[in-house]
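This report refers to the structure that appears directly beneath it.
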Amino acid sequence: MKVGLPMAGLRVGAASININPPLGLRKGGFRLFGEPITSVDDDIELGVVVLQSKGVTIAIIGCDLGSATREESHEFRDTVAEILKIDRANVLFNLSHNHSAPTLRRDNGSPSNEEAFAEVNKYQNGLIDKIAQCTRSALANIKDARMAHAWGAADLNIYRREWNNGQDILGEVVGHPVDDSVGVIRFDDLNGKAIVTFFRFSCHPVVNGAVSPTLSADFPGPARRLVEEKVGGVGIFLQGCGGNVNPQVGIGYEKDCSESVYRVGTALGAEVVRVALGLNTHRFQSDRTTLNNVPNI
């Protein structure tokens, strides 16, 4: 039995919020994913977790966006830091690097017209407001907590760059080692009820392929929903070191990739659920005793 760590004074609060953009914004990764978003396959979300212990407060932001500049990241982190009255250094901002999400204003390339840039600007300003709202909700939900962590594995990713005859080929390098580990950290209230489950996996969220015109959280979306349904609380996906790692399926030329996204996300979520449900934060091994008068128990 895996048991949690009793941490004196640990308090944790978590919240998440929908960050869907208006239709028509372009996706990130223009070389492959430049098509405007015309419909919604899967909502994209942002989550904020506030953790306090021994007089120190930190916050973790996890979201389904693709990328942000350093300046944009500072702006998001400063928003949280100001509300919590902490330094920016105490706020971690983790992007899933999802290519089926809208770009932000500094990463938007060359918008086709001024109206498009105005929409991006409006979306990003609203995003800052939502980060603030989510932070305040997480702080309002803060409670005494315990934590536990463990590792699993998921054979869902593959190395994507092959060097051949002086060429850098983007594809699948079968047999090349990749990090298939699944990290899970579960924070519970003192009764063992989940507050938030972090899960980390190293893989580009590009199951939803290059010609799909849909908004999608990609595989972290169905994974997160399964975790929240089966474990409880808020699920937060954290991207690992997935720079040259793709999913084993997807990143193709189908316009409807929803089934593949569901399959990969559910497989990852199932491993997270398996690991998370094996963690106990409120039960600890004590001295063995007999059970009533039954011998040998």
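Just so we're on the same page: first chain in the structure tokens is A, next is B, and so on; residues restart at 1 for each chain, and ligands are numbered from 1 in the order they show up.
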Exercise. Do a neighbour search on region 151-166 of chain A at 7 Å with only C-alpha atoms, toss out local chain neighbours closer than 6 positions, and write the hits as number ranges by chain.
Key: A: 172-173, 176, 178, 180-184, 203, 244-248, 268, 271, 275
Practice problem: Select from region 238-295 of chain A everything DSSP, run on the backbone, classes as alpha helix (DSSP H), then give the selection as JSON, numbers by chain. | Solution: {"A": [258, 259, 260, 261, 262, 263, 264, 265, 266, 267, 268, 269, 270, 271, 272, 273, 274, 275, 276, 277]}
Quiz item: What lies within 12 Å of region 118-130 of chain A using only C-alpha atoms, ignoring chain neighbours under 4 positions off, as a PyMOL selection string?
Solution: chain A and resi 15-27+44-48+61+63+65+68+72-80+83+102-114+134-137
Exercise. Find the residue from A:Thr290, A:Gly209, A:Gly278, A:Gly171 that sits nearest to Tyr253 (chain A); use only C-alpha atoms when measuring.
Key: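 Result for the nearest residue to Tyr253 (chain A): A:Gly209.
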Practice problem: Would you list the contacts of Ser100 (chain A) as a list in words, taking every protein, DNA or RNA residue within 9 Å and counting only C-alpha atoms, but skipping same-chain residues closer than 2 positions in sequence? | Solution: Lys27, Gly28, Phe33, Ile37, Asp64, Leu65, Gly66, Asn98, Pro102, Pro205, Val206, Asn208, Gly209, Ala210, Ser212, Pro213, Thr214, Leu215, Ser216, Ala217 and Asp218 of chain A
With N, CA, C and O atoms retained, export the selected residues as a CSV table (one decimal), in the first residue's frame.
chain,number,residue,atom,x,y,z
A,27,LYS,N,-4.6,28.6,-35.4
A,27,LYS,CA,-3.9,27.7,-34.5
A,27,LYS,C,-2.4,28.0,-34.5
A,27,LYS,O,-1.9,28.7,-35.4
A,28,GLY,N,-1.7,27.4,-33.5
A,28,GLY,CA,-0.3,27.5,-33.4
A,28,GLY,C,0.4,26.6,-34.3
A,28,GLY,O,-0.1,25.5,-34.7
A,33,PHE,N,-0.2,23.8,-38.9
A,33,PHE,CA,-1.5,23.9,-38.2
A,33,PHE,C,-2.1,25.3,-38.4
A,33,PHE,O,-2.7,25.9,-37.5
A,37,ILE,N,-9.8,28.1,-36.7
A,37,ILE,CA,-10.6,27.2,-36.0
A,37,ILE,C,-12.1,27.5,-36.4
A,37,ILE,O,-12.6,28.6,-36.3
A,64,ASP,N,-4.2,24.4,-21.6
A,64,ASP,CA,-4.2,23.7,-22.9
A,64,ASP,C,-3.8,24.6,-24.1
A,64,ASP,O,-4.0,24.2,-25.2
A,65,LEU,N,-3.1,25.7,-23.8
A,65,LEU,CA,-2.6,26.5,-24.9
A,65,LEU,C,-1.3,25.9,-25.5
A,65,LEU,O,-0.6,25.1,-24.8
A,66,GLY,N,-0.9,26.5,-26.6
A,66,GLY,CA,0.2,25.9,-27.3
A,66,GLY,C,1.5,26.5,-26.9
A,66,GLY,O,2.5,25.8,-26.6
A,98,ASN,N,-0.2,22.4,-27.0
A,98,ASN,CA,-1.2,21.9,-27.8
A,98,ASN,C,-1.3,22.7,-29.1
A,98,ASN,O,-1.5,23.9,-29.1
A,102,PRO,N,-5.6,28.3,-30.0
A,102,PRO,CA,-5.3,29.5,-30.7
A,102,PRO,C,-4.0,30.0,-30.2
A,102,PRO,O,-3.5,29.8,-29.1
A,205,PRO,N,1.0,17.3,-28.0
A,205,PRO,CA,-0.5,17.0,-28.2
A,205,PRO,C,-0.8,17.4,-29.7
A,205,PRO,O,-1.4,18.4,-30.0
A,206,VAL,N,-0.5,16.4,-30.5
A,206,VAL,CA,-0.8,16.6,-32.0
A,206,VAL,C,-1.5,15.4,-32.6
A,206,VAL,O,-1.4,15.1,-33.8
A,208,ASN,N,-4.7,15.4,-32.8
A,208,ASN,CA,-5.6,16.2,-33.7
A,208,ASN,C,-4.7,16.8,-34.8
A,208,ASN,O,-3.9,17.7,-34.6
A,209,GLY,N,-4.8,16.3,-36.0
A,209,GLY,CA,-3.8,16.5,-37.1
A,209,GLY,C,-3.9,17.9,-37.7
A,209,GLY,O,-4.7,18.8,-37.4
A,210,ALA,N,-3.0,18.1,-38.7
A,210,ALA,CA,-2.7,19.4,-39.3
A,210,ALA,C,-3.8,20.0,-40.1
A,210,ALA,O,-3.8,21.2,-40.3
A,212,SER,N,-7.1,19.3,-39.5
A,212,SER,CA,-8.3,19.4,-38.8
A,212,SER,C,-8.6,20.8,-38.4
A,212,SER,O,-7.7,21.5,-37.8
A,213,PRO,N,-9.8,21.4,-38.7
A,213,PRO,CA,-10.0,22.8,-38.3
A,213,PRO,C,-10.7,23.0,-37.0
A,213,PRO,O,-11.3,24.1,-36.7
A,214,THR,N,-10.5,22.0,-36.1
A,214,THR,CA,-11.3,22.1,-34.8
A,214,THR,C,-10.4,22.5,-33.7
A,214,THR,O,-9.2,22.3,-33.6
A,215,LEU,N,-11.1,23.2,-32.7
A,215,LEU,CA,-10.5,23.4,-31.4
A,215,LEU,C,-10.5,22.2,-30.6
A,215,LEU,O,-11.5,21.4,-30.6
A,216,SER,N,-9.4,21.8,-30.0
A,216,SER,CA,-9.3,20.6,-29.2
A,216,SER,C,-8.2,20.8,-28.1
A,216,SER,O,-7.2,21.4,-28.3
A,217,ALA,N,-8.5,20.2,-27.0
A,217,ALA,CA,-7.4,20.0,-25.9
A,217,ALA,C,-6.5,18.9,-26.3
A,217,ALA,O,-5.5,18.7,-25.5
A,218,ASP,N,-6.8,18.2,-27.4
A,218,ASP,CA,-6.0,17.0,-27.8
A,218,ASP,C,-6.0,16.0,-26.7
A,218,ASP,O,-7.0,16.0,-25.8
Practice problem: Fewer than 2 positions away in the same chain doesn't count, so skip those; otherwise give me all residues within 6 Å of Asp144 (chain A), counting only C-alpha atoms, as a list in words. | Solution: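 Near Asp144 (chain A), the qualifying residues are Leu10, Arg11 and Asp189 of chain A.
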Exercise. Using backbone DSSP assignments, extract all strand (DSSP E or B) residues from region 45-262 of chain A; output them as a ChimeraX atom specification.
Key: /A:45-53,56-63,91-95,102,143-144,146-153,157-159,161-164,167-170,181-188,194-201,214-215,234-239,245-247
Quiz item: What's the 8 Å shell around Asn141 (chain A), counting only C-alpha atoms, without same-chain residues fewer than 5 positions away, as a ChimeraX atom specification?
Solution: /A:12-15
Distance table requested - region 77-176 of chain A against region 237-243 of chain A, cut-off 7 Å, only C-alpha atoms: one row per qualifying residue with the closest atom pair and its distance in Å to one decimal, ordered by chain and rising residue number, as JSON lines.
{"residue": "A:Asn94", "atom": "CA", "partner": "A:Leu238", "partner_atom": "CA", "distance": 6.2}
{"residue": "A:Leu95", "atom": "CA", "partner": "A:Gln239", "partner_atom": "CA", "distance": 6.6}
{"residue": "A:Ser96", "atom": "CA", "partner": "A:Gln239", "partner_atom": "CA", "distance": 5.1}
